[in-house]
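A short worksheet on the structure shown next.
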Amino acid sequence: MLSYQEALAWLLERARPLNTHQNLSLLQAAGRVLAQPVTATIDVPPHDNSAMDGYAVRCAESGAPLPVSQRIPAGSAPQALAAGSVARIFTGAPIPDGADAVIMQEQAVVGEDGQVAFSAAPQAGQNIRRRGEDIAAGQTILAPGRRLTPADLGLAASIGLARLPVRPQLRVAVFFTGDELVEPGQPLAAGQIYNSNRFWLIPALHKLGCEVIDLGHVGDALEPTRQLLRDAAAVADVIVTCGGVSVGEEDHVKAAVEAEGELTLWKLAIKPGKPLAFGKVGDADFIGLPGNPVSGYVTLQTLLRPFLLRRMGLMDGAPFAPRFPAAFVWDRPDSKRSEFLRVRKVAGASGWELQLYPQQGSGVLMSCAWADGLAWVQPAQRIQPGDELPYLELA
Ligand code: AMP
Ligand code: MG
């Protein structure tokens, strides 16, 4: 049996990041993975400007009432400040040459004669936002391999970019195996169950930013499974299936992948989980998740997700990086396998802590709906309240 760390390292080594890119408009690029560094060609802000509505002054002159020599709204290009005068100025407007401070309008009194007196002496530089104080020309503002956030797009816009180079969406074809499966909305005949896996897998893939090609479900038969694999390989970068990867007589995925490509099948030392298949069909990677809904879901979170993120070109950190104290006792560990407990991160008396869903059975999909994360327990590890556990936030 392979440990979780071994399986993860093995998968990540084989996750070739997409290496093409497309230039998308900023709004289309939201949530996509940046493919190249973004370097500023201008200073932001491009000119010293006022942080307040008020008066641009020369500090040395501002002790006595002064006439207003010009009015500078945002968007205008001012004249140099005439000696012995102030300029009326508004937020965002360029500072006129010669001025060295802005006095806010609340500290100004305009006399009958139109001259302005100030109730406070200014400090040089006050209320002036300096050219380049946000971004300096030449500075790299965004590194490749990050998922573009709303703030990133605002930053790109602030240096005048209309488009960004991003990785194409990863195309993931999915199908589900099992003679027992019925789609929700249909009546259940004796021996049948609903295809629940389809309804966590596809939305989870969408949430990761993948383009999903849903090929539906196939019965437990070799030829139709092979056909779907060929269909999937023709349109996808990655093929993900659920079920049929054990080695029972009714499990045809393994044989179908072997016939159409190549396959490595593992028993993983994780709970829930166990069988995981990895291979290639044509140019597409193949990952076969276990059919058991909780096992499949946990395998998606712990192994498939890091693989897909790396494949998408994201330079994400390791899963399970943060640790939080347990707020529960766990005294019946598995002696050989890591366990991924379904937990919730809640605010305790002295910070975040992890609560445990009471039923951790591998048939209890309620635990996944309740949880917001997984806590990683080592083989044979007993847990007391306060013990720190690695935590993975569910995708
Ligand atoms: P398998 O991996 O095909 O042996 O399936 C393991 C268990 O998961 C069996 O009890 C299946 O009925 C169940 N199962 C397989 N696929 C699905 C699915 N798409 N939705 C719900 N349960 C499934
Ligand atoms: Mg099956």
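Identifiers for the structure tokens are assigned positionally: chains receive A, B, ... in sequence, residues are indexed from 1 per chain, and ligands are indexed from 1 in the order shown.
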
Can you build me a table of chain A residues sitting at most 7 Å from ligand 1, with the closest atom pair per residue and its distance in Å to one decimal, using only C-alpha atoms and all ligand atoms, sorted by chain and residue number, as a tab-separated table?
```
residue	atom	partner	partner_atom_place_in_ligand_line	distance
A:Phe176	CA	ligand 1	19 (N)	5.3
A:Thr177	CA	ligand 1	16 (N)	5.9
A:Gly178	CA	ligand 1	16 (N)	5.9
A:Glu180	CA	ligand 1	12 (O)	6.3
A:Leu181	CA	ligand 1	18 (C)	6.4
A:Ile193	CA	ligand 1	21 (C)	6.6
A:Tyr194	CA	ligand 1	21 (C)	5.8
A:Asn195	CA	ligand 1	20 (N)	3.7
A:Ser196	CA	ligand 1	20 (N)	4.1
A:Asn197	CA	ligand 1	19 (N)	4.3
A:Arg198	CA	ligand 1	19 (N)	5.9
A:Cys242	CA	ligand 1	16 (N)	5.8
A:Gly243	CA	ligand 1	3 (O)	3.4
A:Gly244	CA	ligand 1	3 (O)	3.8
A:Val245	CA	ligand 1	2 (O)	5.7
A:Ser246	CA	ligand 1	4 (O)	5.8
A:Asp251	CA	ligand 1	3 (O)	6.4
A:Pro290	CA	ligand 1	2 (O)	4.6
A:Gly291	CA	ligand 1	2 (O)	3.5
A:Asn292	CA	ligand 1	8 (O)	3.2
A:Pro293	CA	ligand 1	22 (N)	5.4
```

Selection to disk with N, CA, C and O atoms, as a tab-separated table (two decimals), in the first residue's frame:
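The file below, out.tsv, is the result:
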```
chain	number	residue	atom	x	y	z
A	176	PHE	N	-19.23	8.01	-15.13
A	176	PHE	CA	-19.56	7.28	-13.91
A	176	PHE	C	-19.92	5.87	-14.31
A	176	PHE	O	-20.58	5.67	-15.33
A	177	THR	N	-19.47	4.89	-13.51
A	177	THR	CA	-19.70	3.51	-13.90
A	177	THR	C	-20.56	2.80	-12.88
A	177	THR	O	-20.49	3.09	-11.67
A	178	GLY	N	-21.35	1.87	-13.35
A	178	GLY	CA	-22.12	1.02	-12.45
A	178	GLY	C	-23.50	0.72	-13.01
A	178	GLY	O	-24.25	1.64	-13.35
A	180	GLU	N	-25.86	-0.23	-11.33
A	180	GLU	CA	-26.85	0.11	-10.31
A	180	GLU	C	-27.26	1.58	-10.36
A	180	GLU	O	-28.17	2.00	-9.66
A	181	LEU	N	-26.60	2.39	-11.17
A	181	LEU	CA	-26.80	3.83	-11.09
A	181	LEU	C	-28.04	4.30	-11.85
A	181	LEU	O	-28.29	3.87	-12.98
A	193	ILE	N	-29.36	2.52	-7.09
A	193	ILE	CA	-29.09	3.70	-6.26
A	193	ILE	C	-28.91	4.90	-7.18
A	193	ILE	O	-28.67	4.75	-8.37
A	194	TYR	N	-29.04	6.07	-6.59
A	194	TYR	CA	-28.85	7.27	-7.40
A	194	TYR	C	-27.37	7.57	-7.63
A	194	TYR	O	-26.53	7.29	-6.77
A	195	ASN	N	-27.11	8.15	-8.77
A	195	ASN	CA	-25.75	8.56	-9.14
A	195	ASN	C	-25.42	9.86	-8.41
A	195	ASN	O	-25.52	10.94	-8.96
A	196	SER	N	-25.05	9.73	-7.15
A	196	SER	CA	-24.77	10.95	-6.37
A	196	SER	C	-23.40	11.53	-6.72
A	196	SER	O	-23.20	12.74	-6.65
A	197	ASN	N	-22.46	10.70	-7.11
A	197	ASN	CA	-21.09	11.19	-7.36
A	197	ASN	C	-21.05	12.28	-8.43
A	197	ASN	O	-20.25	13.20	-8.35
A	198	ARG	N	-21.93	12.14	-9.40
A	198	ARG	CA	-21.92	13.12	-10.49
A	198	ARG	C	-22.16	14.54	-9.96
A	198	ARG	O	-21.67	15.51	-10.53
A	242	CYS	N	-15.52	7.53	-11.95
A	242	CYS	CA	-15.89	7.10	-10.61
A	242	CYS	C	-16.33	5.66	-10.66
A	242	CYS	O	-17.20	5.31	-11.46
A	243	GLY	N	-15.75	4.85	-9.78
A	243	GLY	CA	-16.19	3.47	-9.66
A	243	GLY	C	-15.46	2.54	-10.62
A	243	GLY	O	-14.75	2.97	-11.52
A	244	GLY	N	-15.64	1.23	-10.34
A	244	GLY	CA	-15.14	0.22	-11.27
A	244	GLY	C	-13.64	0.05	-11.29
A	244	GLY	O	-13.10	-0.58	-12.20
A	245	VAL	N	-12.93	0.62	-10.29
A	245	VAL	CA	-11.47	0.46	-10.30
A	245	VAL	C	-10.98	-0.57	-9.29
A	245	VAL	O	-9.78	-0.75	-9.10
A	246	SER	N	-11.91	-1.27	-8.64
A	246	SER	CA	-11.47	-2.39	-7.82
A	246	SER	C	-11.17	-3.53	-8.79
A	246	SER	O	-11.19	-3.36	-9.99
A	251	ASP	N	-15.80	-4.91	-12.29
A	251	ASP	CA	-15.04	-3.67	-12.40
A	251	ASP	C	-14.27	-3.67	-13.72
A	251	ASP	O	-13.27	-4.36	-13.87
A	290	PRO	N	-12.41	6.01	-6.57
A	290	PRO	CA	-13.27	4.94	-6.06
A	290	PRO	C	-14.74	5.34	-6.16
A	290	PRO	O	-15.07	6.53	-6.10
A	291	GLY	N	-15.61	4.36	-6.31
A	291	GLY	CA	-17.04	4.65	-6.50
A	291	GLY	C	-17.76	5.04	-5.23
A	291	GLY	O	-18.71	5.83	-5.26
A	292	ASN	N	-17.31	4.51	-4.12
A	292	ASN	CA	-17.94	4.85	-2.84
A	292	ASN	C	-17.93	6.37	-2.68
A	292	ASN	O	-16.88	7.01	-2.76
A	293	PRO	N	-19.11	6.99	-2.48
A	293	PRO	CA	-19.17	8.45	-2.52
A	293	PRO	C	-18.22	9.16	-1.56
A	293	PRO	O	-17.57	10.13	-1.94
```

Who sits within 7 Å of Ser69 (chain A), only C-alpha atoms, same chain under 3 positions skipped, as a list of chain:residue names: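 Counting only the stated atoms, we get A:Ala82, A:Ser85, A:Val86, A:Ala87.
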
Just the selected residues (C-alpha atoms), exported as a CSV table (one decimal), in the first residue's frame, please.
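Output (selection-v3.csv):
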```
chain,number,residue,atom,x,y,z
A,82,ALA,CA,1.7,81.4,-9.0
A,85,SER,CA,-1.4,82.3,-4.2
A,86,VAL,CA,-3.1,79.0,-3.5
A,87,ALA,CA,-5.0,76.7,-5.9
```

Sel. of helix (DSSP H, G or I) residues, region 204-276 of chain A, as a list in words: Ala204, Leu205, His206, Lys207, Leu208, Leu222, Glu223, Pro224, Thr225, Arg226, Gln227, Leu228, Leu229, Arg230, Asp231, Ala232, Ala233, Ala234, Val235, Val253, Lys254, Ala255, Ala256, Val257, Glu258, Ala259 and Glu260 of chain A

Contacts of region 167-170 of chain A within 10 Å, only C-alpha atoms, excl. fewer than 2 positions in-chain, as a VMD selection string: chain A and resid 17 to 24 29 32 to 36 144 to 145 147 164 to 165 172 to 173 205 208 to 212 236 to 238 308 to 309 311 to 314

Once you have the residues from the selection above, write them out as a PDB file, in the first residue's frame, restricted to C-alpha atoms.
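Saved the output as selection28.pdb:
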```pdb
ATOM      1  CA  PRO A  17       1.349  22.173 -16.253  1.00  0.00           C
ATOM      2  CA  LEU A  18      -0.415  23.431 -19.381  1.00  0.00           C
ATOM      3  CA  ASN A  19       2.185  25.418 -21.298  1.00  0.00           C
ATOM      4  CA  THR A  20       0.134  27.299 -23.882  1.00  0.00           C
ATOM      5  CA  HIS A  21      -1.575  30.582 -23.181  1.00  0.00           C
ATOM      6  CA  GLN A  22      -4.275  32.840 -24.524  1.00  0.00           C
ATOM      7  CA  ASN A  23      -4.708  36.596 -24.147  1.00  0.00           C
ATOM      8  CA  LEU A  24      -8.057  37.327 -22.560  1.00  0.00           C
ATOM      9  CA  ALA A  29      -9.513  36.542 -17.255  1.00  0.00           C
ATOM     10  CA  ARG A  32      -7.910  32.112 -14.671  1.00  0.00           C
ATOM     11  CA  VAL A  33      -4.265  31.226 -14.107  1.00  0.00           C
ATOM     12  CA  LEU A  34      -1.746  33.894 -15.096  1.00  0.00           C
ATOM     13  CA  ALA A  35       0.754  32.513 -17.629  1.00  0.00           C
ATOM     14  CA  GLN A  36       3.452  35.210 -17.706  1.00  0.00           C
ATOM     15  CA  PRO A 144       2.770  33.688 -13.174  1.00  0.00           C
ATOM     16  CA  GLY A 145       1.053  30.652 -11.673  1.00  0.00           C
ATOM     17  CA  ARG A 147      -5.237  32.525 -10.007  1.00  0.00           C
ATOM     18  CA  LEU A 164      -3.713  39.292 -19.760  1.00  0.00           C
ATOM     19  CA  PRO A 165      -1.934  36.074 -20.817  1.00  0.00           C
ATOM     20  CA  VAL A 172     -11.734  17.374 -17.803  1.00  0.00           C
ATOM     21  CA  ALA A 173     -13.994  14.629 -19.166  1.00  0.00           C
ATOM     22  CA  LEU A 205     -14.368  20.605 -11.006  1.00  0.00           C
ATOM     23  CA  LEU A 208     -11.518  24.554  -9.519  1.00  0.00           C
ATOM     24  CA  GLY A 209     -11.842  26.343 -12.844  1.00  0.00           C
ATOM     25  CA  CYS A 210     -11.936  23.317 -15.144  1.00  0.00           C
ATOM     26  CA  GLU A 211     -14.033  22.978 -18.260  1.00  0.00           C
ATOM     27  CA  VAL A 212     -16.076  19.820 -17.646  1.00  0.00           C
ATOM     28  CA  ALA A 236     -10.003  16.241 -22.797  1.00  0.00           C
ATOM     29  CA  ASP A 237      -6.685  16.892 -21.073  1.00  0.00           C
ATOM     30  CA  VAL A 238      -7.712  14.723 -18.122  1.00  0.00           C
ATOM     31  CA  LEU A 308      -5.529  19.261 -11.346  1.00  0.00           C
ATOM     32  CA  LEU A 309      -4.306  22.531  -9.840  1.00  0.00           C
ATOM     33  CA  ARG A 311      -1.952  20.648 -14.288  1.00  0.00           C
ATOM     34  CA  MET A 312      -3.703  24.025 -14.620  1.00  0.00           C
ATOM     35  CA  GLY A 313      -0.373  25.758 -14.043  1.00  0.00           C
ATOM     36  CA  LEU A 314      -1.149  26.932 -10.518  1.00  0.00           C
TER      37      LEU A 314
END
```

Neighbour list for region 116-130 of chain A as a list in words, cut-off 8 Å, only C-alpha atoms, skip fewer than 2 positions in-chain: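 My list of contacting residues is Pro45, His47, Asp48, Asn49, Ser50, Ala51, Met52, Cys59, Ser62, Gly63, Ala64, Pro65, Leu66, Pro67, Val68, Ile95, Asp100, Ala101, Val102, Ile103, Met104, Gln107, Ala108, Val109, Val110, Gly111, Gly114, Gly132 and Glu133 of chain A.
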
Output N, CA and C atoms for every residue in that selection, as a PDB file, in the first residue's frame.
```
ATOM      1  N   PRO A  45       0.197  56.132  -8.734  1.00  0.00           N
ATOM      2  CA  PRO A  45      -0.459  57.038  -9.680  1.00  0.00           C
ATOM      3  C   PRO A  45       0.563  57.687 -10.603  1.00  0.00           C
ATOM      4  N   HIS A  47       0.930  60.751 -11.471  1.00  0.00           N
ATOM      5  CA  HIS A  47       1.364  62.092 -11.081  1.00  0.00           C
ATOM      6  C   HIS A  47       1.080  62.273  -9.589  1.00  0.00           C
ATOM      7  N   ASP A  48       1.855  63.164  -8.950  1.00  0.00           N
ATOM      8  CA  ASP A  48       1.514  63.528  -7.565  1.00  0.00           C
ATOM      9  C   ASP A  48       0.090  64.078  -7.596  1.00  0.00           C
ATOM     10  N   ASN A  49      -0.745  63.678  -6.650  1.00  0.00           N
ATOM     11  CA  ASN A  49      -2.122  64.176  -6.684  1.00  0.00           C
ATOM     12  C   ASN A  49      -2.668  64.363  -5.290  1.00  0.00           C
ATOM     13  N   SER A  50      -3.756  65.078  -5.236  1.00  0.00           N
ATOM     14  CA  SER A  50      -4.308  65.462  -3.945  1.00  0.00           C
ATOM     15  C   SER A  50      -5.129  64.336  -3.326  1.00  0.00           C
ATOM     16  N   ALA A  51      -4.942  64.127  -2.031  1.00  0.00           N
ATOM     17  CA  ALA A  51      -5.721  63.120  -1.311  1.00  0.00           C
ATOM     18  C   ALA A  51      -6.994  63.717  -0.713  1.00  0.00           C
ATOM     19  N   MET A  52      -7.197  64.993  -0.921  1.00  0.00           N
ATOM     20  CA  MET A  52      -8.307  65.704  -0.261  1.00  0.00           C
ATOM     21  C   MET A  52      -8.900  66.746  -1.199  1.00  0.00           C
ATOM     22  N   CYS A  59       3.984  75.747   1.602  1.00  0.00           N
ATOM     23  CA  CYS A  59       3.937  75.802   3.067  1.00  0.00           C
ATOM     24  C   CYS A  59       4.487  77.138   3.589  1.00  0.00           C
ATOM     25  N   SER A  62       1.843  79.985   3.609  1.00  0.00           N
ATOM     26  CA  SER A  62       0.445  79.767   3.963  1.00  0.00           C
ATOM     27  C   SER A  62       0.004  80.428   5.272  1.00  0.00           C
ATOM     28  N   GLY A  63       0.893  81.200   5.895  1.00  0.00           N
ATOM     29  CA  GLY A  63       0.539  81.846   7.158  1.00  0.00           C
ATOM     30  C   GLY A  63      -0.466  82.984   7.008  1.00  0.00           C
ATOM     31  N   ALA A  64      -0.427  83.685   5.869  1.00  0.00           N
ATOM     32  CA  ALA A  64      -1.308  84.854   5.669  1.00  0.00           C
ATOM     33  C   ALA A  64      -2.402  84.503   4.659  1.00  0.00           C
ATOM     34  N   PRO A  65      -3.532  85.252   4.647  1.00  0.00           N
ATOM     35  CA  PRO A  65      -4.575  85.021   3.635  1.00  0.00           C
ATOM     36  C   PRO A  65      -3.994  85.225   2.236  1.00  0.00           C
ATOM     37  N   LEU A  66      -4.411  84.331   1.303  1.00  0.00           N
ATOM     38  CA  LEU A  66      -3.867  84.365  -0.053  1.00  0.00           C
ATOM     39  C   LEU A  66      -4.995  84.258  -1.072  1.00  0.00           C
ATOM     40  N   PRO A  67      -4.813  84.833  -2.247  1.00  0.00           N
ATOM     41  CA  PRO A  67      -5.822  84.699  -3.298  1.00  0.00           C
ATOM     42  C   PRO A  67      -5.752  83.307  -3.955  1.00  0.00           C
ATOM     43  N   VAL A  68      -6.868  82.907  -4.575  1.00  0.00           N
ATOM     44  CA  VAL A  68      -6.925  81.622  -5.300  1.00  0.00           C
ATOM     45  C   VAL A  68      -6.585  81.905  -6.761  1.00  0.00           C
ATOM     46  N   ILE A  95      -1.101  67.729  -8.498  1.00  0.00           N
ATOM     47  CA  ILE A  95      -0.552  68.836  -7.692  1.00  0.00           C
ATOM     48  C   ILE A  95       0.177  69.788  -8.646  1.00  0.00           C
ATOM     49  N   ASP A 100       3.609  72.393  -2.270  1.00  0.00           N
ATOM     50  CA  ASP A 100       4.242  71.302  -1.518  1.00  0.00           C
ATOM     51  C   ASP A 100       3.335  70.726  -0.429  1.00  0.00           C
ATOM     52  N   ALA A 101       2.062  71.136  -0.418  1.00  0.00           N
ATOM     53  CA  ALA A 101       1.124  70.527   0.532  1.00  0.00           C
ATOM     54  C   ALA A 101      -0.306  70.844   0.076  1.00  0.00           C
ATOM     55  N   VAL A 102      -1.229  70.050   0.602  1.00  0.00           N
ATOM     56  CA  VAL A 102      -2.650  70.343   0.393  1.00  0.00           C
ATOM     57  C   VAL A 102      -3.274  70.505   1.779  1.00  0.00           C
ATOM     58  N   ILE A 103      -4.000  71.609   1.941  1.00  0.00           N
ATOM     59  CA  ILE A 103      -4.719  71.830   3.201  1.00  0.00           C
ATOM     60  C   ILE A 103      -6.189  71.506   2.947  1.00  0.00           C
ATOM     61  N   MET A 104      -6.738  70.679   3.785  1.00  0.00           N
ATOM     62  CA  MET A 104      -8.125  70.249   3.543  1.00  0.00           C
ATOM     63  C   MET A 104      -9.076  71.434   3.682  1.00  0.00           C
ATOM     64  N   GLN A 107     -10.153  73.143   6.894  1.00  0.00           N
ATOM     65  CA  GLN A 107      -9.237  74.026   7.644  1.00  0.00           C
ATOM     66  C   GLN A 107      -9.047  75.372   6.933  1.00  0.00           C
ATOM     67  N   ALA A 108      -9.944  75.683   6.002  1.00  0.00           N
ATOM     68  CA  ALA A 108      -9.816  76.931   5.232  1.00  0.00           C
ATOM     69  C   ALA A 108     -11.032  77.820   5.468  1.00  0.00           C
ATOM     70  N   VAL A 109     -10.773  79.121   5.492  1.00  0.00           N
ATOM     71  CA  VAL A 109     -11.868  80.108   5.588  1.00  0.00           C
ATOM     72  C   VAL A 109     -11.696  81.077   4.422  1.00  0.00           C
ATOM     73  N   VAL A 110     -12.759  81.187   3.605  1.00  0.00           N
ATOM     74  CA  VAL A 110     -12.699  82.088   2.454  1.00  0.00           C
ATOM     75  C   VAL A 110     -13.318  83.411   2.875  1.00  0.00           C
ATOM     76  N   GLY A 111     -12.519  84.520   2.799  1.00  0.00           N
ATOM     77  CA  GLY A 111     -13.001  85.839   3.215  1.00  0.00           C
ATOM     78  C   GLY A 111     -13.893  86.459   2.150  1.00  0.00           C
ATOM     79  N   GLY A 114     -12.439  86.988  -1.130  1.00  0.00           N
ATOM     80  CA  GLY A 114     -12.049  85.811  -1.895  1.00  0.00           C
ATOM     81  C   GLY A 114     -10.711  85.229  -1.464  1.00  0.00           C
ATOM     82  N   GLY A 132       3.817  57.106  -8.330  1.00  0.00           N
ATOM     83  CA  GLY A 132       4.505  55.815  -8.180  1.00  0.00           C
ATOM     84  C   GLY A 132       4.423  55.220  -6.792  1.00  0.00           C
ATOM     85  N   GLU A 133       3.636  55.815  -5.873  1.00  0.00           N
ATOM     86  CA  GLU A 133       3.645  55.267  -4.506  1.00  0.00           C
ATOM     87  C   GLU A 133       2.936  53.897  -4.453  1.00  0.00           C
TER      88      GLU A 133
END
```

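Across the model, the gap from CA of Ala380 (chain A) to CA of Gly348 (chain A) is 26.6 Å.
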
Length of the CA of Ile287 (chain A) to CA of Leu303 (chain A) vector [Å]: 9.9 Å

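Nearest residue to ligand 2 among A:Asp372, A:Glu339, A:Asp220, A:Asp214 is A:Asp220, counting only C-alpha atoms and all ligand atoms.
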
Residue nearest ligand 2 - candidates A:Ala221, A:Leu228, A:Leu365, A:Ala204, atoms counted: only C-alpha atoms and all ligand atoms: A:Ala221

Atomic distance CA of Arg88 (chain A) - CA of Ala74 (chain A), expressed in Å with one decimal: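 Between CA of Arg88 (chain A) and CA of Ala74 (chain A) the gap is 11.2 Å.
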
DSSP-assigned strand (DSSP E or B) members of region 92-321 of chain A, reported as an MDAnalysis selection string: chainID A and resid 94 101:104 108:110 116:118 128:129 135 140:142 147 163:166 171:177 181:182 193:194 211:218 238:242 261:268 270:271 275:281 284:289

Neighbour list for Asp152 (chain A) as a PyMOL selection string, cut-off 9 Å, only C-alpha atoms, skip fewer than 5 positions in-chain: chain A and resi 30+141-142+147+157
